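Pasting start_15.cif here (mmCIF, C-alpha atoms):
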data_run
#
loop_
_atom_site.label_atom_id
_atom_site.label_comp_id
_atom_site.auth_asym_id
_atom_site.auth_seq_id
_atom_site.Cartn_x
_atom_site.Cartn_y
_atom_site.Cartn_z
CA MET A 1 -102.46 -11.14 -75.65
CA LYS A 2 -102.48 -14.61 -77.15
CA ILE A 3 -102.24 -17.41 -74.61
CA HIS A 4 -101.85 -20.50 -76.84
CA GLU A 5 -104.69 -22.46 -75.29
CA LYS A 6 -103.69 -25.75 -76.82
CA ILE A 7 -100.47 -25.79 -74.87
CA LEU A 8 -102.38 -25.22 -71.65
CA THR A 9 -105.03 -27.83 -72.31
CA HIS A 10 -102.37 -30.29 -73.34
CA TYR A 11 -100.54 -29.74 -70.08
CA LEU A 12 -103.77 -30.31 -68.18
CA SER A 13 -104.51 -33.59 -69.89
CA CYS A 14 -101.02 -35.06 -69.96
CA THR A 15 -99.70 -37.58 -67.48
CA SER A 16 -97.83 -35.25 -65.13
CA PRO A 17 -99.37 -35.38 -61.65
CA VAL A 18 -102.43 -33.42 -60.67
CA ASP A 19 -101.77 -31.59 -57.43
CA LYS A 20 -105.35 -31.27 -56.29
CA GLU A 21 -108.82 -31.46 -57.76
CA GLY A 22 -112.36 -31.18 -56.55
CA TYR A 23 -115.55 -29.14 -56.58
CA LEU A 24 -115.45 -25.58 -55.36
CA TYR A 25 -117.84 -22.71 -55.66
CA LYS A 26 -116.76 -19.72 -57.66
CA LYS A 27 -118.38 -16.35 -57.16
CA LYS A 28 -119.62 -14.61 -60.24
CA VAL A 29 -118.59 -10.95 -60.10
CA ARG A 30 -121.70 -9.49 -61.68
CA THR A 31 -124.43 -11.45 -59.94
CA SER A 32 -122.61 -12.24 -56.65
CA SER A 33 -123.92 -15.76 -56.84
CA TYR A 34 -121.79 -18.85 -56.42
CA GLN A 35 -121.46 -21.44 -59.19
CA ARG A 36 -120.23 -24.96 -58.61
CA ARG A 37 -117.21 -25.79 -60.73
CA TRP A 38 -114.71 -28.63 -60.99
CA PHE A 39 -111.25 -27.29 -60.24
CA VAL A 40 -107.93 -28.89 -61.13
CA LEU A 41 -104.69 -27.57 -59.71
CA LYS A 42 -101.54 -28.44 -61.62
CA ALA A 43 -98.26 -26.66 -60.97
CA ASN A 44 -99.04 -22.93 -60.73
CA LEU A 45 -102.22 -23.24 -62.79
CA LEU A 46 -105.76 -23.56 -61.52
CA PHE A 47 -108.08 -24.87 -64.24
CA TYR A 48 -111.85 -24.99 -63.94
CA GLN A 49 -114.69 -26.57 -65.86
CA GLU A 50 -118.32 -27.46 -65.18
CA ARG A 51 -117.84 -31.15 -64.49
CA PRO A 52 -114.87 -33.54 -64.21
CA ALA A 53 -115.62 -35.34 -67.44
CA ASP A 54 -116.10 -32.20 -69.50
CA ARG A 55 -113.88 -31.73 -72.50
CA HIS A 56 -114.55 -28.03 -72.58
CA LEU A 57 -112.36 -26.03 -70.24
CA LEU A 58 -114.06 -22.91 -68.89
CA GLY A 59 -110.93 -21.16 -67.76
CA VAL A 60 -107.58 -21.05 -66.00
CA ILE A 61 -106.12 -18.88 -63.25
CA VAL A 62 -102.34 -18.40 -63.27
CA LEU A 63 -101.26 -18.37 -59.63
CA GLU A 64 -98.32 -15.95 -59.60
CA GLY A 65 -98.23 -12.70 -57.68
CA CYS A 66 -101.26 -13.53 -55.58
CA ALA A 67 -102.10 -14.05 -51.93
CA ILE A 68 -104.55 -16.62 -50.59
CA GLN A 69 -106.78 -15.41 -47.79
CA HIS A 70 -109.40 -16.95 -45.55
CA CYS A 71 -112.67 -15.04 -45.62
CA GLU A 72 -115.81 -14.97 -43.54
CA SER A 73 -118.30 -17.70 -44.23
CA ASP A 74 -121.05 -16.82 -46.62
CA GLY A 75 -124.37 -18.66 -46.69
CA GLY A 76 -122.92 -21.81 -45.15
CA LEU A 77 -119.98 -21.89 -47.53
CA PHE A 78 -116.38 -21.63 -46.39
CA VAL A 79 -114.97 -18.81 -48.46
CA PHE A 80 -111.41 -17.95 -49.37
CA SER A 81 -109.99 -15.62 -51.96
CA VAL A 82 -107.16 -15.45 -54.45
CA VAL A 83 -106.03 -11.82 -54.34
CA PHE A 84 -103.78 -10.44 -57.04
CA ARG A 85 -101.60 -7.56 -55.90
CA GLY A 86 -101.56 -4.53 -58.13
CA SER A 87 -103.95 -1.82 -59.15
CA GLY A 88 -106.84 -2.98 -61.26
CA LEU A 89 -106.08 -6.65 -60.66
CA LYS A 90 -108.68 -9.25 -59.72
CA THR A 91 -109.75 -11.03 -56.61
CA TYR A 92 -111.30 -14.45 -57.15
CA ARG A 93 -113.69 -15.61 -54.46
CA LEU A 94 -113.90 -19.34 -54.02
CA ALA A 95 -115.66 -21.48 -51.45
CA ALA A 96 -115.67 -25.01 -50.14
CA GLU A 97 -118.54 -26.88 -48.57
CA ASP A 98 -116.73 -27.55 -45.31
CA GLN A 99 -113.87 -26.29 -43.15
CA LEU A 100 -111.57 -29.16 -44.06
CA GLY A 101 -112.01 -28.57 -47.75
CA GLN A 102 -111.30 -24.89 -47.29
CA ASP A 103 -108.13 -25.57 -45.27
CA CYS A 104 -106.82 -28.12 -47.75
CA TRP A 105 -107.38 -25.90 -50.73
CA VAL A 106 -105.90 -22.84 -49.07
CA LYS A 107 -102.80 -24.79 -48.16
CA SER A 108 -102.41 -26.25 -51.63
CA LEU A 109 -102.86 -22.90 -53.30
CA LEU A 110 -100.37 -21.25 -50.96
CA THR A 111 -97.67 -23.67 -52.02
CA ALA A 112 -98.55 -23.64 -55.71
CA SER A 113 -96.59 -20.73 -57.12
CA HIS A 114 -93.43 -21.11 -59.14
CA CYS A 115 -91.75 -18.56 -56.86
CA TYR A 116 -92.56 -20.61 -53.80
CA LEU A 117 -91.25 -23.80 -55.33
CA SER A 118 -88.13 -22.03 -56.52
CA LEU A 119 -87.37 -20.78 -52.99
CA LEU A 120 -88.07 -24.19 -51.55
CA VAL A 121 -85.76 -25.94 -54.00
CA ARG A 122 -82.98 -23.47 -53.24
CA ASP A 123 -83.42 -24.00 -49.55
CA LEU A 124 -83.38 -27.77 -49.88
CA GLY A 125 -80.37 -27.54 -52.15
CA LYS A 126 -78.47 -25.85 -49.36
CA GLN A 127 -79.64 -28.38 -46.82
CA TYR A 128 -78.52 -31.14 -49.15
CA GLU A 129 -75.03 -29.69 -49.45
CA GLU A 130 -74.80 -29.36 -45.69
CA ALA A 131 -76.04 -32.89 -45.18
CA LYS A 132 -73.46 -34.21 -47.63
CA CYS A 133 -70.69 -32.33 -45.81
CA GLN A 134 -71.75 -33.62 -42.48
CA ALA A 135 -72.01 -37.13 -43.80
CA GLY A 136 -68.33 -36.71 -44.62
CA LEU A 137 -68.58 -37.15 -48.33
CA GLY A 138 -65.43 -35.19 -48.95
CA GLU A 139 -65.16 -31.76 -50.54
CA SER A 140 -68.60 -30.33 -50.95
CA ASN A 141 -69.57 -29.56 -54.50
CA ARG A 142 -71.07 -26.09 -54.53
CA TYR A 143 -73.38 -26.80 -57.43
CA SER A 144 -76.42 -28.98 -57.23
CA PRO A 145 -76.57 -31.80 -59.78
CA ALA A 146 -79.34 -30.20 -61.74
CA ILE A 147 -79.51 -26.53 -61.02
CA GLY A 148 -76.06 -25.06 -60.54
CA GLN A 149 -77.25 -21.99 -58.64
CA SER A 150 -75.03 -20.47 -56.02
CA SER A 151 -76.25 -20.76 -52.46
CA GLU A 152 -77.63 -17.88 -50.45
CA GLY A 153 -78.48 -17.00 -46.88
CA ARG A 154 -81.43 -19.06 -45.74
CA THR A 155 -82.85 -17.13 -42.85
CA GLN A 156 -85.09 -14.80 -44.81
CA SER A 157 -86.53 -17.45 -47.09
CA MET A 158 -87.25 -19.97 -44.31
CA VAL A 159 -89.74 -17.70 -42.60
CA SER A 160 -91.78 -17.26 -45.75
CA LEU A 161 -91.87 -20.97 -46.64
CA ASN A 162 -94.25 -22.06 -43.90
CA PRO A 163 -97.81 -21.70 -45.20
CA CYS A 164 -99.23 -22.25 -41.73
CA SER A 165 -98.09 -18.85 -40.47
CA SER A 166 -100.86 -16.31 -40.66
CA THR A 167 -98.72 -13.74 -42.39
CA PHE A 168 -97.70 -15.87 -45.32
CA PHE A 169 -95.71 -13.82 -47.74
CA MET A 170 -95.42 -14.51 -51.45
CA PRO A 171 -91.89 -13.63 -52.43
CA GLU A 172 -90.85 -11.67 -55.49
CA PRO A 173 -89.50 -13.74 -58.35
CA VAL A 174 -86.18 -15.00 -57.06
CA ARG A 175 -84.14 -14.33 -60.17
CA THR A 176 -83.50 -10.76 -59.12
CA GLU A 177 -81.76 -11.92 -56.00
CA ARG A 178 -79.16 -13.98 -57.69
CA GLY A 179 -76.45 -11.37 -57.28
CA ASN A 180 -76.84 -11.15 -53.52
CA HIS A 181 -74.28 -13.81 -52.83
CA ARG A 182 -71.64 -11.28 -53.79
CA THR A 183 -72.19 -9.36 -50.58
CA ASN A 184 -71.82 -12.38 -48.32
CA HIS A 185 -68.05 -12.36 -48.37
CA VAL A 186 -68.08 -8.92 -46.72
CA LEU A 187 -69.19 -10.40 -43.42
CA GLN A 188 -65.82 -11.83 -42.46
CA ALA A 189 -64.03 -10.37 -39.43
CA PRO A 190 -62.44 -7.11 -40.55
CA PRO A 191 -58.98 -6.00 -39.41
CA MET A 192 -59.50 -4.20 -36.08
CA PRO A 193 -58.76 -0.50 -36.45
CA SER A 194 -57.25 1.15 -33.39
CA LYS A 195 -59.79 3.98 -33.56
CA VAL A 196 -63.23 3.53 -35.03
CA THR A 197 -64.42 7.04 -35.69
CA ASN A 198 -65.72 8.37 -38.98
CA LYS A 199 -64.15 5.56 -40.88
CA ARG A 200 -65.61 3.73 -43.83
CA SER A 201 -65.59 -0.04 -44.00
CA PRO A 202 -62.09 -1.27 -44.88
CA LYS A 203 -63.52 -3.26 -47.82
CA LEU A 204 -62.88 -1.95 -51.31
CA TRP A 205 -66.38 -0.84 -52.31
CA SER A 206 -65.18 0.68 -55.57
CA LYS A 207 -64.76 -2.81 -57.05
CA ARG A 208 -68.14 -3.83 -58.40
CA ASN A 209 -69.69 -6.82 -59.96
CA ALA A 210 -70.92 -6.18 -63.52
CA HIS A 211 -74.44 -7.17 -62.48
CA VAL A 212 -74.48 -4.52 -59.78
CA THR A 213 -73.06 -1.52 -61.63
CA PRO A 214 -75.83 0.60 -63.15
CA ILE A 215 -75.71 1.26 -66.87
CA ASN A 216 -75.75 5.00 -66.41
CA GLY A 217 -75.01 7.11 -63.42
CA PRO A 218 -72.23 7.18 -60.92
CA VAL A 219 -71.47 4.62 -58.29
CA SER A 220 -73.07 5.89 -55.11
CA THR A 221 -70.84 6.74 -52.23
CA TYR A 222 -71.42 5.58 -48.72
CA GLY A 223 -71.88 7.66 -45.65
CA GLU A 224 -69.31 7.74 -42.95
CA TRP A 225 -69.53 5.40 -40.02
CA PRO A 226 -71.32 6.72 -36.98
CA GLN A 227 -69.12 7.71 -34.08
CA VAL A 228 -68.57 4.72 -31.91
CA ASP A 229 -68.30 5.46 -28.22
CA ILE A 230 -67.27 2.01 -27.21
CA ASP A 231 -63.95 0.34 -27.70
CA PRO A 232 -64.56 -2.14 -30.55
CA LEU A 233 -61.96 -4.48 -29.24
CA GLU A 234 -64.23 -5.11 -26.28
CA ASP A 235 -67.50 -5.41 -28.12
CA PHE A 236 -67.27 -7.03 -31.52
CA THR A 237 -71.02 -7.55 -31.79
CA LYS A 238 -71.63 -3.80 -32.01
CA LEU A 239 -69.04 -3.50 -34.74
CA HIS A 240 -70.66 -6.41 -36.54
CA GLU A 241 -73.99 -4.61 -36.41
CA TYR A 242 -72.50 -1.48 -37.97
CA TYR A 243 -71.03 -3.52 -40.79
CA GLY A 244 -74.38 -5.29 -41.08
CA GLU A 245 -76.13 -1.95 -41.61
CA GLU A 246 -73.80 -1.14 -44.45
CA VAL A 247 -74.49 -4.48 -46.08
CA LYS A 248 -78.24 -4.00 -45.70
CA GLN A 249 -77.95 -0.59 -47.30
CA LEU A 250 -75.88 -2.08 -50.12
CA LYS A 251 -78.44 -4.80 -50.69
CA SER A 252 -81.38 -2.42 -50.86
CA ASP A 253 -79.50 -0.01 -53.11
CA TRP A 254 -78.59 -2.88 -55.38
CA LEU A 255 -82.18 -4.11 -55.55
CA LYS A 256 -83.42 -0.62 -56.35
CA ARG A 257 -80.86 -0.13 -59.07
CA ARG A 258 -81.60 -3.56 -60.47
CA GLN A 259 -85.27 -2.73 -60.77
CA GLU A 260 -84.49 0.61 -62.38
CA LYS A 261 -82.01 -1.05 -64.68
CA ASP A 262 -84.63 -3.52 -65.85
CA LYS A 263 -87.13 -0.77 -66.59
CA HIS A 264 -84.44 1.29 -68.25
CA PHE A 265 -83.26 -1.67 -70.28
CA GLU A 266 -86.73 -2.47 -71.61
CA VAL A 267 -87.42 1.10 -72.61
CA ASP A 268 -84.18 1.29 -74.58
CA LEU A 269 -84.98 -1.82 -76.58
CA ILE A 270 -88.38 -0.54 -77.54
CA ASP A 271 -86.86 2.75 -78.69
CA LEU A 272 -84.40 0.96 -80.95
CA SER A 273 -87.09 -0.62 -83.08
CA GLU A 274 -86.82 1.90 -85.89
CA ASN A 275 -85.03 -0.53 -88.17
CA MET B 1 -111.26 -20.26 -72.51
CA ARG B 2 -111.02 -17.50 -69.93
CA PHE B 3 -107.79 -16.62 -68.23
CA ASN B 4 -106.55 -13.87 -65.92
CA GLU B 5 -105.07 -11.76 -68.69
CA LYS B 6 -104.39 -8.56 -66.77
CA GLU B 7 -102.61 -10.50 -64.07
CA LEU B 8 -100.49 -12.33 -66.63
CA ILE B 9 -99.60 -9.04 -68.28
CA SER B 10 -98.58 -7.75 -64.87
CA LEU B 11 -96.43 -10.86 -64.48
CA SER B 12 -94.77 -10.10 -67.81
CA ARG B 13 -93.51 -6.85 -66.30
CA GLN B 14 -91.62 -8.58 -63.48
CA PRO B 15 -87.85 -8.24 -63.66
CA SER B 16 -86.16 -11.06 -65.49
CA GLU B 17 -82.58 -11.91 -66.26
CA CYS B 18 -83.58 -13.69 -69.44
CA ILE B 19 -84.75 -10.97 -71.78
CA ALA B 20 -83.49 -10.26 -75.29
CA GLU B 21 -84.49 -9.42 -78.82
CA LEU B 22 -84.42 -12.63 -80.82
CA GLY B 23 -85.58 -13.72 -84.23
CA MET B 24 -88.72 -15.76 -83.65
CA ARG B 25 -90.53 -18.02 -86.05
CA GLY B 26 -93.82 -19.81 -85.49
CA PRO B 27 -94.37 -23.53 -86.05
CA LYS B 28 -96.65 -23.35 -89.06
CA LYS B 29 -95.50 -23.67 -92.64
CA GLY B 30 -95.27 -20.22 -94.08
CA ASP B 31 -94.40 -18.56 -90.77
CA VAL B 32 -91.49 -16.19 -91.17
CA VAL B 33 -88.84 -14.95 -88.77
CA LYS B 34 -89.78 -11.79 -86.90
CA ARG B 35 -87.80 -9.79 -84.38
CA ARG B 36 -89.45 -10.09 -81.00
CA LEU B 37 -88.50 -9.08 -77.48
CA VAL B 38 -88.52 -12.42 -75.71
CA LYS B 39 -88.76 -12.56 -71.93
CA LEU B 40 -88.68 -15.51 -69.58
CA VAL B 41 -90.69 -15.07 -66.36
CA VAL B 42 -91.21 -18.11 -64.13
CA ASN B 43 -92.41 -20.88 -66.47
CA PHE B 44 -93.79 -18.54 -69.12
CA LEU B 45 -92.13 -17.23 -72.23
CA PHE B 46 -93.55 -13.86 -73.18
CA TYR B 47 -92.88 -12.27 -76.53
CA PHE B 48 -93.43 -8.61 -77.40
CA ARG B 49 -93.47 -6.72 -80.67
CA THR B 50 -90.56 -4.36 -80.27
CA ASP B 51 -92.67 -1.22 -80.06
CA GLU B 52 -95.32 -2.46 -77.66
CA GLU B 53 -95.65 -2.61 -73.89
CA GLU B 54 -98.14 -5.42 -73.79
CA PRO B 55 -96.95 -8.89 -74.83
CA GLN B 56 -98.18 -10.19 -78.16
CA GLY B 57 -98.33 -13.69 -76.72
CA VAL B 58 -97.16 -16.11 -74.06
CA LEU B 59 -96.05 -19.73 -74.13
CA LEU B 60 -96.32 -22.06 -71.13
CA LEU B 61 -93.00 -23.86 -70.82
CA GLU B 62 -94.27 -27.22 -69.59
CA GLN B 63 -94.31 -30.52 -71.44
CA CYS B 64 -92.14 -29.08 -74.14
CA ARG B 65 -88.84 -30.02 -75.69
CA VAL B 66 -86.06 -27.43 -76.01
CA GLU B 67 -83.27 -28.19 -78.44
CA ARG B 68 -80.25 -26.62 -80.05
CA GLU B 69 -80.92 -26.56 -83.77
CA ASP B 70 -77.83 -24.78 -84.88
CA SER B 71 -74.95 -22.90 -83.30
CA GLN B 72 -77.17 -19.86 -82.74
CA VAL B 73 -80.68 -21.24 -83.04
CA PHE B 74 -82.81 -23.14 -80.54
CA SER B 75 -86.28 -24.57 -80.86
CA ILE B 76 -89.20 -25.36 -78.58
CA ALA B 77 -91.64 -28.11 -79.53
CA PHE B 78 -95.02 -28.56 -77.81
CA LEU B 79 -97.87 -31.05 -77.83
CA ASP B 80 -95.64 -34.01 -78.59
CA GLU B 81 -95.51 -32.72 -82.13
CA ALA B 82 -91.83 -32.93 -82.77
CA GLU B 83 -92.10 -31.32 -86.18
CA ARG B 84 -94.05 -28.25 -85.10
CA LYS B 85 -91.39 -26.11 -83.53
CA TYR B 86 -91.01 -22.51 -82.52
CA LEU B 87 -87.59 -21.32 -83.63
CA PHE B 88 -85.49 -18.66 -81.93
CA GLU B 89 -82.44 -17.06 -83.55
CA CYS B 90 -79.83 -15.70 -81.15
CA ASP B 91 -76.87 -13.39 -81.65
CA SER B 92 -74.25 -15.77 -80.38
CA GLN B 93 -73.59 -19.36 -79.37
CA GLU B 94 -73.29 -18.35 -75.71
CA GLN B 95 -76.59 -16.55 -75.76
CA CYS B 96 -78.23 -19.52 -77.43
CA GLN B 97 -76.93 -21.94 -74.81
CA GLU B 98 -77.96 -19.63 -71.96
CA TRP B 99 -81.51 -19.54 -73.26
CA VAL B 100 -81.72 -23.30 -73.67
CA ASP B 101 -80.44 -23.86 -70.12
CA SER B 102 -82.68 -21.20 -68.63
CA ILE B 103 -85.83 -22.48 -70.31
CA ILE B 104 -85.19 -26.05 -69.20
CA LYS B 105 -84.56 -24.96 -65.62
CA ALA B 106 -87.63 -22.72 -65.60
CA SER B 107 -90.08 -25.57 -65.99
CA TYR B 108 -92.16 -26.33 -62.92
CA GLU B 109 -91.87 -30.04 -63.55
CA PHE B 110 -88.08 -29.76 -63.65
CA MET B 111 -88.05 -27.97 -60.30
CA ARG B 112 -90.42 -30.50 -58.83
CA LYS B 113 -88.04 -33.31 -59.82
CA ASN B 114 -85.16 -31.52 -58.13
CA LEU B 115 -87.21 -31.04 -55.02
CA ILE B 116 -88.06 -34.71 -54.85
CA PHE B 117 -84.40 -35.58 -55.36
CA TYR B 118 -83.29 -33.30 -52.51
CA ARG B 119 -86.06 -34.47 -50.25
CA THR B 120 -85.15 -38.10 -50.75
CA GLU B 121 -81.44 -37.52 -50.37
CA ILE B 122 -81.71 -35.35 -47.27
CA HIS B 123 -83.92 -37.95 -45.69
CA ARG B 124 -81.45 -40.66 -46.57
CA LEU B 125 -78.48 -38.72 -45.21
CA THR B 126 -80.05 -37.29 -42.08
CA GLY B 127 -83.05 -39.48 -41.33
CA LYS B 128 -85.25 -36.38 -41.34
CA ASP B 129 -87.83 -35.18 -43.84
CA PRO B 130 -86.85 -31.58 -44.67
CA LEU B 131 -90.43 -30.62 -45.51
CA GLU B 132 -91.67 -31.28 -41.99
CA GLN B 133 -90.23 -28.03 -40.68
CA TYR B 134 -92.53 -26.18 -43.10
CA GLY B 135 -95.56 -28.34 -42.44
CA ILE B 136 -95.88 -29.30 -46.10
CA GLU B 137 -94.77 -32.92 -46.00
CA ASP B 138 -98.23 -34.18 -46.94
CA GLU B 139 -98.81 -31.96 -49.92
CA THR B 140 -99.46 -34.07 -52.99
CA ARG B 141 -97.21 -31.98 -55.18
CA PHE B 142 -94.13 -32.85 -53.12
CA GLN B 143 -94.66 -36.60 -52.90
CA VAL B 144 -91.80 -38.88 -53.73
CA THR B 145 -93.59 -41.60 -55.70
CA CYS B 146 -92.53 -41.79 -59.32
CA GLY B 147 -94.76 -41.66 -62.34
CA PRO B 148 -98.38 -40.54 -62.63
CA GLN B 149 -100.19 -40.53 -59.34
CA PRO B 150 -103.80 -41.23 -58.49
CA ALA B 151 -105.52 -37.85 -58.30
CA HIS B 152 -106.08 -36.40 -54.85
CA LYS B 153 -109.84 -36.07 -54.92
CA ASP B 154 -112.29 -34.19 -52.79
CA SER B 155 -115.88 -35.33 -52.27
#

Taking this structure as input, can you express it in the form of structure tokens?
Amino acid sequence: MKIHEKILTHYLSCTSPVDKEGYLYKKKVRTSSYQRRWFVLKANLLFYQERPADRHLLGVIVLEGCAIQHCESDGGLFVFSVVFRGSGLKTYRLAAEDQLGQDCWVKSLLTASHCYLSLLVRDLGKQYEEAKCQAGLGESNRYSPAIGQSSEGRTQSMVSLNPCSSTFFMPEPVRTERGNHRTNHVLQAPPMPSKVTNKRSPKLWSKRNAHVTPINGPVSTYGEWPQVDIDPLEDFTKLHEYYGEEVKQLKSDWLKRRQEKDKHFEVDLIDLSEN
Amino acid sequence: MRFNEKELISLSRQPSECIAELGMRGPKKGDVVKRRLVKLVVNFLFYFRTDEEEPQGVLLLEQCRVEREDSQVFSIAFLDEAERKYLFECDSQEQCQEWVDSIIKASYEFMRKNLIFYRTEIHRLTGKDPLEQYGIEDETRFQVTCGPQPAHKDS
């Protein structure tokens, strides 16, 4: 696969800000020895060369789909690794000379991915809209000035944004989640049925968004509601939980179908290449 | 120059909403239009020959200029060389505009600018720095100063 090196080296040398640079040790796979290299982190790219002034770039590591992990010290060096998830994919072992260096680099690398930044921008976009509302600037404009993405529930993303938590989680590319906002409107208070037994949600599930409907295959039906022993008029929270389960199921079904649809879609295009 | 090729190829398989067969032409004189499956994943534009699983190539979408050339054609220029453009032929005006918008918004630098805007505005409106809750307020990449910054160096 051709990577168009010139574009990468141009990006490295242009005037956009460098996010971090410094010496680190990089472990050679074959010899298990560490080599000192000058690393430059810019956006989601980690470049390395022998010395800062070198024109010749030794290599670049694209930081998407990877986890950053602290490792045990090795020969006085403070080791951490860049672990790519997936069978047959690499783990890079890097090391700093001291604890502070290790911590700084780990933190910078954790916040380097495009996915992370994308989540963060979405989250801040929501906070901005809320702040504008509260500041009483009139009718809130749902679209950010630059992005125009619809807003989405924050709770999930907030947990994963803090790189200080030990179980830092690198999210999947956020584009696949764009359709989720469609399910949010379901969580309004439903009309209270007099008897809640074996009844499906009163919402019209047969109406589907074009993004959600699979290309082939029927729309899946939903199971009946579990028998509720309590009077829902007395305990709305339980009812809310049951509706919540349905929404969760919807969401995971949608995500599954979306992933299948993407695979399916790609295969079709390749098959049509006969002209 | 070495790069993590397998990992990039794995990235090219991630789901994307911006994927289509387009007519693609390279920047050199004598390059002709070829049908390629073009796929936008984060800030990379992958392109595949239509019968292959592995991408033929990948373009980093940073420091580039994306322009409408025609009702159905857009271009991407790199390296400050305005005349050397990659051309992409779409099937409709709508598709062409979607691609232009998506590519612009996909750039890391574009997202960084938005982040800085939100950070500044939220701070102005609420008196609080929204990055503090995530413990990332000191990260160089999120700093509010404009223009090229002095590099954050280690010893």

>> I'd like to know which of B:Lys128, B:Ala82, B:Glu7, B:Cys64 is closest to Phe110 (chain B), using all atoms listed in the file.
In response: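 Going through B:Lys128, B:Ala82, B:Glu7, B:Cys64 one by one, the smallest distance to Phe110 (chain B) is for B:Cys64.
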
Restricting to all atoms listed in the file, whichever of B:Glu139, B:Asp80, B:Asp91, B:Asp129 is closest to Gly23 (chain B) is B:Asp91

Residues returned when the PyMOL selection byres ((chain A) within 6 of (chain B)) runs on this file, as a PDB file with C-alpha atoms, keeping the file's coordinate frame:
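The resulting file, selection_37.pdb, is shown below:
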ATOM      1  CA  MET A   1    -102.460 -11.140 -75.650  1.00  0.00           C
ATOM      2  CA  LYS A   2    -102.480 -14.610 -77.150  1.00  0.00           C
ATOM      3  CA  ILE A   3    -102.240 -17.410 -74.610  1.00  0.00           C
ATOM      4  CA  THR A  15     -99.700 -37.580 -67.480  1.00  0.00           C
ATOM      5  CA  SER A  16     -97.830 -35.250 -65.130  1.00  0.00           C
ATOM      6  CA  PRO A  17     -99.370 -35.380 -61.650  1.00  0.00           C
ATOM      7  CA  VAL A  18    -102.430 -33.420 -60.670  1.00  0.00           C
ATOM      8  CA  ASP A  19    -101.770 -31.590 -57.430  1.00  0.00           C
ATOM      9  CA  LYS A  20    -105.350 -31.270 -56.290  1.00  0.00           C
ATOM     10  CA  GLU A  21    -108.820 -31.460 -57.760  1.00  0.00           C
ATOM     11  CA  GLY A  22    -112.360 -31.180 -56.550  1.00  0.00           C
ATOM     12  CA  LEU A  58    -114.060 -22.910 -68.890  1.00  0.00           C
ATOM     13  CA  GLY A  59    -110.930 -21.160 -67.760  1.00  0.00           C
ATOM     14  CA  VAL A  60    -107.580 -21.050 -66.000  1.00  0.00           C
ATOM     15  CA  ILE A  61    -106.120 -18.880 -63.250  1.00  0.00           C
ATOM     16  CA  VAL A 121     -85.760 -25.940 -54.000  1.00  0.00           C
ATOM     17  CA  TYR A 128     -78.520 -31.140 -49.150  1.00  0.00           C
ATOM     18  CA  ASN A 162     -94.250 -22.060 -43.900  1.00  0.00           C
ATOM     19  CA  ILE A 270     -88.380  -0.540 -77.540  1.00  0.00           C
ATOM     20  CA  SER A 273     -87.090  -0.620 -83.080  1.00  0.00           C
TER      21      SER A 273
END

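Distances here use all atoms listed in the file; by that measure, the residue among A:Arg122, A:His70, A:His4, A:Arg36 closest to Gln99 (chain A) is A:His70.
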
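Across the structure, CA of Thr31 (chain A) and CA of Val82 (chain A) are spaced 18.6 Å apart.
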
(request) Measuring atom to atom with all atoms listed in the file, identify which of B:Ser12, B:Val38, B:Val73, B:Met24 is nearest to Gln93 (chain B). (result)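 With all atoms listed in the file as the atom set, the closest residue is B:Val73.
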
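Across the model, the gap from CA of Cys90 (chain B) to CA of Arg25 (chain B) is 12.0 Å.
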
Students should find that CA of Asp103 (chain A) and CA of Leu89 (chain A) are spaced 24.5 Å
